[in-house]
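S.K.: Supplied structure: work22.cif, mmCIF, C-alpha atoms.
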data_input
#
loop_
_atom_site.label_atom_id
_atom_site.label_comp_id
_atom_site.auth_asym_id
_atom_site.auth_seq_id
_atom_site.Cartn_x
_atom_site.Cartn_y
_atom_site.Cartn_z
CA MET A 25 127.20 112.08 108.64
CA THR A 26 124.22 109.77 108.42
CA PRO A 27 123.00 109.01 104.91
CA ALA A 28 119.44 110.18 104.42
CA GLY A 29 118.21 106.74 103.47
CA SER A 30 119.74 104.91 106.38
CA ARG A 31 117.11 106.01 108.84
CA ALA A 32 114.43 103.54 109.68
CA SER A 33 111.70 106.19 109.63
CA VAL A 34 111.01 109.88 110.06
CA PRO A 35 109.07 110.85 113.21
CA GLY A 36 105.39 111.08 112.37
CA ALA A 37 105.56 108.98 109.22
CA PRO A 38 104.71 105.64 110.90
CA GLU A 39 101.64 107.17 112.52
CA VAL A 40 100.45 108.58 109.19
CA VAL A 41 100.99 105.29 107.35
CA GLY A 42 99.34 103.40 110.19
CA ARG A 43 96.27 105.60 110.10
CA LEU A 44 96.01 105.40 106.31
CA ARG A 45 96.28 101.62 106.46
CA ALA A 46 93.56 101.45 109.08
CA LEU A 47 91.37 103.65 106.88
CA GLY A 48 92.16 101.70 103.72
CA ALA A 49 93.08 105.02 102.09
CA THR A 50 95.85 106.09 99.73
CA VAL A 51 98.06 109.19 99.70
CA ALA A 52 100.13 111.24 97.27
CA THR A 53 102.56 114.09 97.81
CA ALA A 54 103.28 117.37 96.03
CA GLU A 55 106.52 118.99 97.14
CA SER A 56 108.54 122.04 96.39
CA LEU A 57 111.09 123.09 99.00
CA THR A 58 111.14 119.63 100.65
CA GLY A 59 112.20 118.13 97.33
CA GLY A 60 110.86 114.62 97.91
CA LEU A 61 111.55 114.19 101.62
CA VAL A 62 107.87 113.95 102.59
CA CYS A 63 107.29 111.12 100.13
CA ALA A 64 110.56 109.46 101.16
CA ALA A 65 109.51 109.63 104.80
CA LEU A 66 106.27 107.85 104.01
CA VAL A 67 107.93 105.27 101.77
CA GLY A 68 110.46 104.61 104.52
CA VAL A 69 107.78 103.00 106.66
CA PRO A 70 107.43 99.24 106.18
CA GLY A 71 104.01 98.52 104.70
CA ALA A 72 103.88 101.88 102.91
CA SER A 73 103.31 100.21 99.56
CA THR A 74 99.67 99.59 100.42
CA VAL A 75 98.93 103.29 100.93
CA VAL A 76 101.53 105.45 99.11
CA ARG A 77 100.69 106.08 95.47
CA GLY A 78 103.65 108.34 94.80
CA GLY A 79 104.35 112.02 94.49
CA VAL A 80 105.46 114.93 92.37
CA VAL A 81 108.35 117.20 93.20
CA ALA A 82 107.49 120.49 91.52
CA TYR A 83 110.67 122.37 92.24
CA ALA A 84 110.76 124.70 89.25
CA PRO A 85 107.85 127.17 89.45
CA GLU A 86 106.48 126.26 86.03
CA VAL A 87 106.35 122.56 86.97
CA LYS A 88 103.68 123.41 89.53
CA HIS A 89 101.46 124.44 86.66
CA GLU A 90 102.63 121.99 84.01
CA ALA A 91 102.76 118.81 86.08
CA LEU A 92 100.34 119.48 88.93
CA GLY A 93 97.84 121.70 87.18
CA VAL A 94 98.19 124.62 89.60
CA PRO A 95 96.24 127.36 87.79
CA ALA A 96 98.46 130.04 86.28
CA GLU A 97 96.09 132.56 87.86
CA VAL A 98 96.94 131.22 91.34
CA VAL A 99 100.66 131.67 90.71
CA ARG A 100 100.14 135.11 89.15
CA ARG A 101 97.95 136.43 91.96
CA HIS A 102 99.39 134.71 95.01
CA GLY A 103 102.82 133.48 94.00
CA THR A 104 104.16 129.97 94.52
CA VAL A 105 104.81 130.60 98.21
CA SER A 106 101.20 130.87 99.27
CA ARG A 107 98.32 129.02 100.85
CA GLU A 108 96.51 129.00 97.54
CA CYS A 109 99.43 127.38 95.71
CA ALA A 110 99.93 124.74 98.42
CA GLU A 111 96.26 123.81 98.30
CA ALA A 112 96.25 123.65 94.51
CA MET A 113 99.38 121.48 94.56
CA ALA A 114 97.72 119.03 96.96
CA ALA A 115 94.59 118.92 94.83
CA GLY A 116 96.70 118.35 91.72
CA ALA A 117 98.62 115.45 93.25
CA SER A 118 95.43 113.82 94.48
CA ARG A 119 93.90 114.12 91.02
CA MET A 120 96.98 113.12 89.04
CA LEU A 121 97.93 110.14 91.17
CA HIS A 122 94.38 109.02 91.98
CA ALA A 123 94.98 109.24 95.71
CA ASP A 124 92.36 109.63 98.42
CA TRP A 125 94.55 112.11 100.30
CA ALA A 126 97.38 114.42 99.31
CA VAL A 127 99.84 116.63 101.15
CA ALA A 128 101.79 119.54 99.69
CA THR A 129 104.70 121.77 100.69
CA THR A 130 105.88 125.06 99.23
CA GLY A 131 108.11 127.72 100.72
CA VAL A 132 111.46 129.42 100.94
CA ALA A 133 114.31 127.26 102.26
CA GLY A 134 116.93 129.90 101.57
CA PRO A 135 119.58 131.05 101.57
CA ASP A 136 117.90 133.93 99.74
CA PRO A 137 114.31 135.25 99.89
CA SER A 138 112.03 134.29 97.01
CA GLU A 139 109.13 136.16 95.42
CA GLY A 140 109.44 138.78 98.16
CA ARG A 141 108.90 136.19 100.90
CA PRO A 142 111.51 135.86 103.63
CA VAL A 143 113.50 132.69 104.21
CA GLY A 144 111.49 130.29 106.37
CA THR A 145 108.07 131.18 104.93
CA VAL A 146 106.42 127.82 104.32
CA HIS A 147 102.90 126.66 103.49
CA VAL A 148 101.73 123.07 103.91
CA ALA A 149 98.33 121.83 102.77
CA VAL A 150 96.33 118.62 102.81
CA CYS A 151 93.27 117.62 100.84
CA GLY A 152 91.02 114.61 100.94
CA HIS A 153 87.64 113.40 102.05
CA ARG A 154 86.27 113.06 105.56
CA ASP A 155 82.72 112.26 106.59
CA GLY A 156 81.52 112.57 103.05
CA GLU A 157 82.85 116.06 102.38
CA HIS A 158 85.91 117.45 100.67
CA ILE A 159 88.49 118.74 103.10
CA THR A 160 91.40 121.12 102.67
CA ALA A 161 93.65 121.84 105.63
CA HIS A 162 96.42 124.42 105.60
CA ARG A 163 99.14 125.64 107.89
CA ALA A 164 101.39 128.66 107.45
CA LEU A 165 104.84 128.45 109.03
CA ARG A 166 107.55 130.95 109.80
CA LEU A 167 110.60 128.78 110.39
CA GLN A 168 114.08 129.68 111.50
CA GLY A 169 117.32 127.89 110.76
CA ASP A 170 119.43 127.00 107.80
CA ARG A 171 118.23 125.51 104.55
CA ALA A 172 118.33 121.93 105.84
CA GLN A 173 116.63 122.74 109.14
CA ILE A 174 113.81 124.56 107.36
CA ARG A 175 113.24 121.57 105.10
CA THR A 176 113.25 119.14 108.03
CA ALA A 177 110.75 121.23 109.96
CA SER A 178 108.59 121.49 106.86
CA VAL A 179 108.52 117.71 106.46
CA SER A 180 107.46 117.32 110.08
CA ALA A 181 104.76 119.96 109.74
CA ALA A 182 103.39 118.35 106.59
CA LEU A 183 103.21 114.92 108.21
CA ARG A 184 101.60 116.37 111.32
CA LEU A 185 98.97 118.23 109.34
CA LEU A 186 98.19 115.13 107.30
CA HIS A 187 97.93 112.99 110.41
CA ASP A 188 95.69 115.43 112.22
CA THR A 189 93.42 115.89 109.20
CA LEU A 190 92.88 112.18 108.59
CA PRO A 191 89.83 110.74 110.31
CA PRO A 192 90.81 109.06 113.57
CA THR A 193 90.46 105.31 113.76
CA LEU A 194 89.72 103.04 116.67
CA SER A 195 93.18 101.52 116.44
CA ASP A 196 95.08 104.78 116.81
CA ARG A 197 93.13 106.45 119.59
CA GLY A 198 95.56 108.06 121.94
CA CYS A 199 98.22 108.34 119.22
CA THR A 200 99.21 111.91 118.34
CA VAL A 201 102.03 113.33 116.27
CA GLY A 202 102.07 116.64 118.11
CA ASP A 203 100.16 119.83 118.65
CA HIS A 204 99.54 122.23 115.84
CA PRO A 205 99.21 125.90 116.84
CA GLY A 206 98.28 128.22 114.04
CA GLU A 207 96.76 125.54 111.88
CA THR A 208 93.60 126.38 110.05
CA ALA A 209 91.30 123.97 108.32
CA ARG A 210 88.32 124.55 106.14
CA SER A 211 85.97 122.60 103.99
CA THR A 212 86.30 123.25 100.29
CA SER A 213 86.40 121.52 96.97
CA CYS A 214 89.54 119.42 96.59
CA MET B 27 118.81 109.86 114.94
CA THR B 28 119.56 112.50 112.34
CA PRO B 29 116.54 113.93 110.51
CA ALA B 30 116.78 113.28 106.79
CA GLY B 31 116.55 116.94 105.88
CA SER B 32 119.20 118.13 108.31
CA ARG B 33 122.11 117.00 106.18
CA ALA B 34 123.86 119.63 104.16
CA SER B 35 124.16 117.37 101.13
CA VAL B 36 124.33 113.74 100.01
CA PRO B 37 127.73 112.58 98.69
CA GLY B 38 127.75 112.91 94.93
CA ALA B 39 124.90 115.41 94.70
CA PRO B 40 127.11 118.54 94.74
CA GLU B 41 129.22 117.15 91.90
CA VAL B 42 126.13 116.38 89.83
CA VAL B 43 124.60 119.81 90.42
CA GLY B 44 127.95 121.46 89.71
CA ARG B 45 128.36 119.65 86.42
CA LEU B 46 124.78 120.42 85.36
CA ARG B 47 125.28 124.09 86.20
CA ALA B 48 128.48 124.17 84.17
CA LEU B 49 126.63 122.58 81.25
CA GLY B 50 123.61 124.86 81.60
CA ALA B 51 121.46 121.72 81.65
CA THR B 52 118.39 120.70 83.65
CA VAL B 53 117.49 117.41 85.34
CA ALA B 54 114.42 115.51 86.50
CA THR B 55 114.01 112.35 88.56
CA ALA B 56 111.77 109.29 88.39
CA GLU B 57 111.88 107.19 91.52
CA SER B 58 110.32 104.06 92.86
CA LEU B 59 112.12 102.37 95.75
CA THR B 60 114.09 105.53 96.66
CA GLY B 61 110.81 107.36 97.17
CA GLY B 62 112.09 110.89 96.50
CA LEU B 63 115.55 110.68 98.05
CA VAL B 64 117.38 111.21 94.75
CA CYS B 65 115.48 114.40 94.05
CA ALA B 66 115.87 115.53 97.67
CA ALA B 67 119.62 114.94 97.44
CA LEU B 68 119.84 117.18 94.39
CA VAL B 69 117.56 119.85 95.87
CA GLY B 70 119.70 119.80 99.01
CA VAL B 71 122.59 121.38 97.14
CA PRO B 72 122.63 125.20 97.23
CA GLY B 73 122.09 126.51 93.70
CA ALA B 74 120.02 123.47 92.71
CA SER B 75 117.11 125.66 91.66
CA THR B 76 118.88 126.56 88.42
CA VAL B 77 119.13 122.93 87.29
CA VAL B 78 116.52 120.77 89.09
CA ARG B 79 113.13 120.78 87.38
CA GLY B 80 111.52 118.32 89.77
CA GLY B 81 110.62 114.67 89.85
CA VAL B 82 107.99 111.98 90.03
CA VAL B 83 107.84 109.29 92.67
CA ALA B 84 106.05 106.42 90.99
CA TYR B 85 105.77 104.09 93.95
CA ALA B 86 102.59 102.23 93.04
CA PRO B 87 103.21 100.09 89.94
CA GLU B 88 100.33 101.64 87.97
CA VAL B 89 101.69 105.15 88.59
CA LYS B 90 104.70 104.24 86.47
CA HIS B 91 102.35 103.90 83.55
CA GLU B 92 99.79 106.57 84.41
CA ALA B 93 102.13 109.38 85.46
CA LEU B 94 105.38 108.58 83.68
CA GLY B 95 104.04 106.94 80.57
CA VAL B 96 105.93 103.67 81.01
CA PRO B 97 104.36 101.46 78.34
CA ALA B 98 102.06 98.79 79.75
CA GLU B 99 103.86 96.36 77.46
CA VAL B 100 107.16 97.07 79.24
CA VAL B 101 105.62 96.31 82.62
CA ARG B 102 103.86 93.20 81.29
CA ARG B 103 106.92 91.76 79.58
CA HIS B 104 109.72 92.84 81.89
CA GLY B 105 108.06 93.81 85.18
CA THR B 106 108.65 97.04 87.09
CA VAL B 107 111.99 95.80 88.44
CA SER B 108 113.83 95.80 85.16
CA ARG B 109 116.26 97.71 83.00
CA GLU B 110 113.49 98.42 80.52
CA CYS B 111 111.23 99.93 83.16
CA ALA B 112 114.02 102.08 84.63
CA GLU B 113 114.89 103.43 81.19
CA ALA B 114 111.25 104.13 80.37
CA MET B 115 110.82 105.91 83.71
CA ALA B 116 113.81 108.17 82.99
CA ALA B 117 112.51 108.94 79.51
CA GLY B 118 109.07 109.70 80.95
CA ALA B 119 110.42 112.11 83.55
CA SER B 120 112.55 113.89 80.97
CA ARG B 121 109.54 114.28 78.70
CA MET B 122 107.01 115.20 81.37
CA LEU B 123 109.17 117.71 83.18
CA HIS B 124 110.93 119.09 80.09
CA ALA B 125 114.37 118.28 81.48
CA ASP B 126 117.57 117.79 79.49
CA TRP B 127 118.56 114.86 81.67
CA ALA B 128 116.68 112.40 83.85
CA VAL B 129 117.62 109.69 86.31
CA ALA B 130 115.41 106.81 87.45
CA THR B 131 115.42 104.14 90.15
CA THR B 132 113.36 100.99 90.49
CA GLY B 133 113.96 97.90 92.57
CA VAL B 134 113.18 95.81 95.63
CA ALA B 135 114.01 97.43 98.97
CA GLY B 136 112.43 94.62 100.95
CA PRO B 137 111.69 93.20 103.37
CA ASP B 138 109.99 90.81 100.92
CA PRO B 139 110.82 89.90 97.31
CA SER B 140 108.69 91.53 94.61
CA GLU B 141 107.63 90.25 91.20
CA GLY B 142 109.90 87.26 91.73
CA ARG B 143 112.97 89.47 92.17
CA PRO B 144 115.04 89.09 95.33
CA VAL B 145 115.49 91.91 97.84
CA GLY B 146 118.33 94.16 96.72
CA THR B 147 117.64 93.89 92.99
CA VAL B 148 117.82 97.48 91.74
CA HIS B 149 118.00 99.14 88.33
CA VAL B 150 119.09 102.74 87.81
CA ALA B 151 118.94 104.51 84.46
CA VAL B 152 119.82 107.88 83.01
CA CYS B 153 118.77 109.51 79.77
CA GLY B 154 119.76 112.70 78.04
CA HIS B 155 121.77 114.09 75.18
CA ARG B 156 125.52 114.08 74.68
CA ASP B 157 127.46 115.12 71.60
CA GLY B 158 124.27 115.44 69.61
CA GLU B 159 122.91 111.97 70.27
CA HIS B 160 120.38 110.50 72.66
CA ILE B 161 121.96 108.60 75.50
CA THR B 162 120.58 106.00 77.86
CA ALA B 163 122.82 104.61 80.57
CA HIS B 164 121.84 101.77 82.86
CA ARG B 165 123.26 99.94 85.80
CA ALA B 166 121.95 96.79 87.46
CA LEU B 167 122.69 96.37 91.15
CA ARG B 168 122.49 93.50 93.58
CA LEU B 169 122.58 95.18 96.97
CA GLN B 170 122.73 93.77 100.43
CA GLY B 171 121.45 95.24 103.66
CA ASP B 172 118.19 96.31 105.16
CA ARG B 173 115.50 98.38 103.51
CA ALA B 174 117.14 101.70 104.41
CA GLN B 175 120.63 100.61 103.37
CA ILE B 176 119.38 99.41 100.00
CA ARG B 177 117.66 102.74 99.38
CA THR B 178 120.77 104.71 100.39
CA ALA B 179 122.99 102.66 98.10
CA SER B 180 120.47 103.09 95.29
CA VAL B 181 120.55 106.88 95.69
CA SER B 182 124.34 106.86 95.52
CA ALA B 183 124.35 104.63 92.46
CA ALA B 184 121.81 106.82 90.68
CA LEU B 185 123.82 109.98 91.36
CA ARG B 186 127.03 108.27 90.28
CA LEU B 187 125.53 107.02 87.03
CA LEU B 188 124.10 110.47 86.28
CA HIS B 189 127.41 112.15 87.02
CA ASP B 190 129.41 109.75 84.91
CA THR B 191 126.99 109.98 81.99
CA LEU B 192 126.95 113.78 81.87
CA PRO B 193 129.49 115.28 79.51
CA PRO B 194 132.60 116.34 81.43
CA THR B 195 133.29 120.05 81.67
CA LEU B 196 136.56 121.92 81.92
CA SER B 197 135.67 123.03 85.43
CA ASP B 198 135.21 119.56 86.86
CA ARG B 199 138.18 117.76 85.37
CA GLY B 200 139.67 115.52 87.98
CA CYS B 201 136.38 115.36 89.89
CA THR B 202 134.89 111.87 90.14
CA VAL B 203 132.04 110.48 92.18
CA GLY B 204 133.40 106.95 92.18
CA ASP B 205 134.01 103.94 90.04
CA HIS B 206 131.17 102.08 88.45
CA PRO B 207 131.79 98.38 87.82
CA GLY B 208 129.05 96.64 85.95
CA GLU B 209 127.67 99.77 84.37
CA THR B 210 126.56 99.58 80.82
CA ALA B 211 125.75 102.46 78.57
CA ARG B 212 124.28 102.54 75.13
CA SER B 213 122.98 105.04 72.67
CA THR B 214 119.26 104.86 72.13
CA SER B 215 116.20 106.97 71.74
CA CYS B 216 115.33 108.77 74.95
#
Show me the file's structure as structure tokens.
M.R.:
Amino acid sequence: MTPAGSRASVPGAPEVVGRLRALGATVATAESLTGGLVCAALVGVPGASTVVRGGVVAYAPEVKHEALGVPAEVVRRHGTVSRECAEAMAAGASRMLHADWAVATTGVAGPDPSEGRPVGTVHVAVCGHRDGEHITAHRALRLQGDRAQIRTASVSAALRLLHDTLPPTLSDRGCTVGDHPGETARSTSC
Amino acid sequence: MTPAGSRASVPGAPEVVGRLRALGATVATAESLTGGLVCAALVGVPGASTVVRGGVVAYAPEVKHEALGVPAEVVRRHGTVSRECAEAMAAGASRMLHADWAVATTGVAGPDPSEGRPVGTVHVAVCGHRDGEHITAHRALRLQGDRAQIRTASVSAALRLLHDTLPPTLSDRGCTVGDHPGETARSTSC
């Protein structure tokens, strides 16, 4: 068994940190089912201290409201496993930690369904600024596997969405984290 | 390479979650160099949702003050790599996330020294209530290894200190996470 911290880096994290460094931008995380693994993946990259502000793990539902400022109305209407909650979590982390960009995860890792959503239902969201406008990107996932596999896949999806939403830089042309079927992105207030 | 999230659990985390469940107590985390791995270790244990409130990764020095309420005077006098900062981080997480117990990590993972402290200097702290009084426990570590090894050892030390500071329960008699040379514990306001 390999200790979680003994890995040099998580796939995708170096590309995200590299792009943020090239942009001179900072990032924060807001995590539920991934429990801190997205932030840990970013921090695991040497040089992360210049871009990673920190993150909030809002594991208990009420922490999403209390610590990240997710509106109670969002939770009441859409539940915590929703696009709306993921986007509000990202916006809250960006605001709270004064970060240029933020990435959020929320979903059902199992073993039991939650809020009527089946195991493997995951939402990841990113917010930030690109070309002078506020950006929110979102991706809905239906993952299979056990609790650990669902969390791992969620971390990868969050990093991929963040990478693909960040403005490309000259230095990372030709560098991709992966494709992203099913992703949707829209411009909105962040 | 094993993805961080694919592990069933981190050694020590099941014992901590089990003891918290037996106590009916909640926990929060405040992390710097471990970047979210302590919280992820706890969340990785099935049944964690009944005890884990969440956590804050305060990676940038100013986030320790802004998000966790670490007094600026503590940072100015003792630096962020100090017993005082670790204890203030734990107290801040407990307060912010309304958790009965909190565990904090701060230190130098490398590759370079920080604030005049050598690589491998780590402080972990726990705060909570036991037998009607406020408790703060602290352990100073001098770790060797690379960046990832130092983080892994810090996660283990944080979980061990939390476990050993929690009141024992009938159900976990005979269960230990490990020994803890050099640990100090004192009663103080949390």
S.K.: If we count all atoms listed in the file, what is near Ala181 (chain A) at a cut-off of 9 Å, once residues fewer than 4 positions away on the same chain are taken out, given as an MDAnalysis selection string?
M.R.: chainID A and resid 148 163 165 176:177 185:186 204
S.K.: Set the distance at 12 Å and use only C-alpha atoms: which residues neighbour Pro72 (chain B) once local chain neighbours fewer than 6 positions away are removed? I'd like the list as a list in words.
M.R.: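 Close residues of Pro72 (chain B): Leu57, Ala133, Gly134, Pro135, Asp136, Asp170, Arg171 and Ala172 of chain A; Ala34, Ser35, Val36, Ala39, Pro40, Glu41, Val43, Gly44, Arg47, Ala66 and Val78 of chain B.
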S.K.: Here's the selection I'm unsure about, the PyMOL selection byres ((chain A) within 9 of (chain B)); applied to the file above, which residues does it give, as a PyMOL selection string?
M.R.: chain A and resi 25-35+53+55-68+70+73-87+90-91+120-122+134-135+170-177+179
S.K.: For the residues selected in the previous step, produce a file with C-alpha atoms as a PDB file, in the frame of the given file.
M.R.:
ATOM      1  CA  MET A  25     127.200 112.080 108.640  1.00  0.00           C
ATOM      2  CA  THR A  26     124.220 109.770 108.420  1.00  0.00           C
ATOM      3  CA  PRO A  27     123.000 109.010 104.910  1.00  0.00           C
ATOM      4  CA  ALA A  28     119.440 110.180 104.420  1.00  0.00           C
ATOM      5  CA  GLY A  29     118.210 106.740 103.470  1.00  0.00           C
ATOM      6  CA  SER A  30     119.740 104.910 106.380  1.00  0.00           C
ATOM      7  CA  ARG A  31     117.110 106.010 108.840  1.00  0.00           C
ATOM      8  CA  ALA A  32     114.430 103.540 109.680  1.00  0.00           C
ATOM      9  CA  SER A  33     111.700 106.190 109.630  1.00  0.00           C
ATOM     10  CA  VAL A  34     111.010 109.880 110.060  1.00  0.00           C
ATOM     11  CA  PRO A  35     109.070 110.850 113.210  1.00  0.00           C
ATOM     12  CA  THR A  53     102.560 114.090  97.810  1.00  0.00           C
ATOM     13  CA  GLU A  55     106.520 118.990  97.140  1.00  0.00           C
ATOM     14  CA  SER A  56     108.540 122.040  96.390  1.00  0.00           C
ATOM     15  CA  LEU A  57     111.090 123.090  99.000  1.00  0.00           C
ATOM     16  CA  THR A  58     111.140 119.630 100.650  1.00  0.00           C
ATOM     17  CA  GLY A  59     112.200 118.130  97.330  1.00  0.00           C
ATOM     18  CA  GLY A  60     110.860 114.620  97.910  1.00  0.00           C
ATOM     19  CA  LEU A  61     111.550 114.190 101.620  1.00  0.00           C
ATOM     20  CA  VAL A  62     107.870 113.950 102.590  1.00  0.00           C
ATOM     21  CA  CYS A  63     107.290 111.120 100.130  1.00  0.00           C
ATOM     22  CA  ALA A  64     110.560 109.460 101.160  1.00  0.00           C
ATOM     23  CA  ALA A  65     109.510 109.630 104.800  1.00  0.00           C
ATOM     24  CA  LEU A  66     106.270 107.850 104.010  1.00  0.00           C
ATOM     25  CA  VAL A  67     107.930 105.270 101.770  1.00  0.00           C
ATOM     26  CA  GLY A  68     110.460 104.610 104.520  1.00  0.00           C
ATOM     27  CA  PRO A  70     107.430  99.240 106.180  1.00  0.00           C
ATOM     28  CA  SER A  73     103.310 100.210  99.560  1.00  0.00           C
ATOM     29  CA  THR A  74      99.670  99.590 100.420  1.00  0.00           C
ATOM     30  CA  VAL A  75      98.930 103.290 100.930  1.00  0.00           C
ATOM     31  CA  VAL A  76     101.530 105.450  99.110  1.00  0.00           C
ATOM     32  CA  ARG A  77     100.690 106.080  95.470  1.00  0.00           C
ATOM     33  CA  GLY A  78     103.650 108.340  94.800  1.00  0.00           C
ATOM     34  CA  GLY A  79     104.350 112.020  94.490  1.00  0.00           C
ATOM     35  CA  VAL A  80     105.460 114.930  92.370  1.00  0.00           C
ATOM     36  CA  VAL A  81     108.350 117.200  93.200  1.00  0.00           C
ATOM     37  CA  ALA A  82     107.490 120.490  91.520  1.00  0.00           C
ATOM     38  CA  TYR A  83     110.670 122.370  92.240  1.00  0.00           C
ATOM     39  CA  ALA A  84     110.760 124.700  89.250  1.00  0.00           C
ATOM     40  CA  PRO A  85     107.850 127.170  89.450  1.00  0.00           C
ATOM     41  CA  GLU A  86     106.480 126.260  86.030  1.00  0.00           C
ATOM     42  CA  VAL A  87     106.350 122.560  86.970  1.00  0.00           C
ATOM     43  CA  GLU A  90     102.630 121.990  84.010  1.00  0.00           C
ATOM     44  CA  ALA A  91     102.760 118.810  86.080  1.00  0.00           C
ATOM     45  CA  MET A 120      96.980 113.120  89.040  1.00  0.00           C
ATOM     46  CA  LEU A 121      97.930 110.140  91.170  1.00  0.00           C
ATOM     47  CA  HIS A 122      94.380 109.020  91.980  1.00  0.00           C
ATOM     48  CA  GLY A 134     116.930 129.900 101.570  1.00  0.00           C
ATOM     49  CA  PRO A 135     119.580 131.050 101.570  1.00  0.00           C
ATOM     50  CA  ASP A 170     119.430 127.000 107.800  1.00  0.00           C
ATOM     51  CA  ARG A 171     118.230 125.510 104.550  1.00  0.00           C
ATOM     52  CA  ALA A 172     118.330 121.930 105.840  1.00  0.00           C
ATOM     53  CA  GLN A 173     116.630 122.740 109.140  1.00  0.00           C
ATOM     54  CA  ILE A 174     113.810 124.560 107.360  1.00  0.00           C
ATOM     55  CA  ARG A 175     113.240 121.570 105.100  1.00  0.00           C
ATOM     56  CA  THR A 176     113.250 119.140 108.030  1.00  0.00           C
ATOM     57  CA  ALA A 177     110.750 121.230 109.960  1.00  0.00           C
ATOM     58  CA  VAL A 179     108.520 117.710 106.460  1.00  0.00           C
TER      59      VAL A 179
END
S.K.: Measure the distance from CA of Glu139 (chain A) to CA of Gly169 (chain A) in Å and round it to one decimal.
M.R.: 19.3 Å
S.K.: Quick one, how far is CA of Val148 (chain B) from CA of Ala98 (chain B)?
M.R.: 19.8 Å
S.K.: Evaluating the PyMOL selection byres ((chain B and resi 145) around 6) on the displayed file yields which residues, as a list in words?
M.R.: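 Selected by the PyMOL selection byres ((chain B and resi 145) around 6) in this file: Val134, Ala135, Gly136, Pro139, Pro144, Gly146 and Thr147 of chain B.
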S.K.: Using CA of Ala163 (chain B) and CA of Trp127 (chain B) as the two end points, give the distance in Å to one decimal.
M.R.: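 Value for the CA of Ala163 (chain B)-CA of Trp127 (chain B) distance: 11.2 Å.
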S.K.: Find, counting all atoms listed in the file, the residue in B:Val96, B:Ala128, B:Ala114, B:Ile161 that gets nearest to Ala51 (chain B).
M.R.: B:Ala128
S.K.: Where does the PyMOL selection byres ((chain A and resi 110) around 7) land in this file, that is, which residues does it pick, as a ChimeraX atom specification?
M.R.: /A:106-109,111-114,128-130,147-149
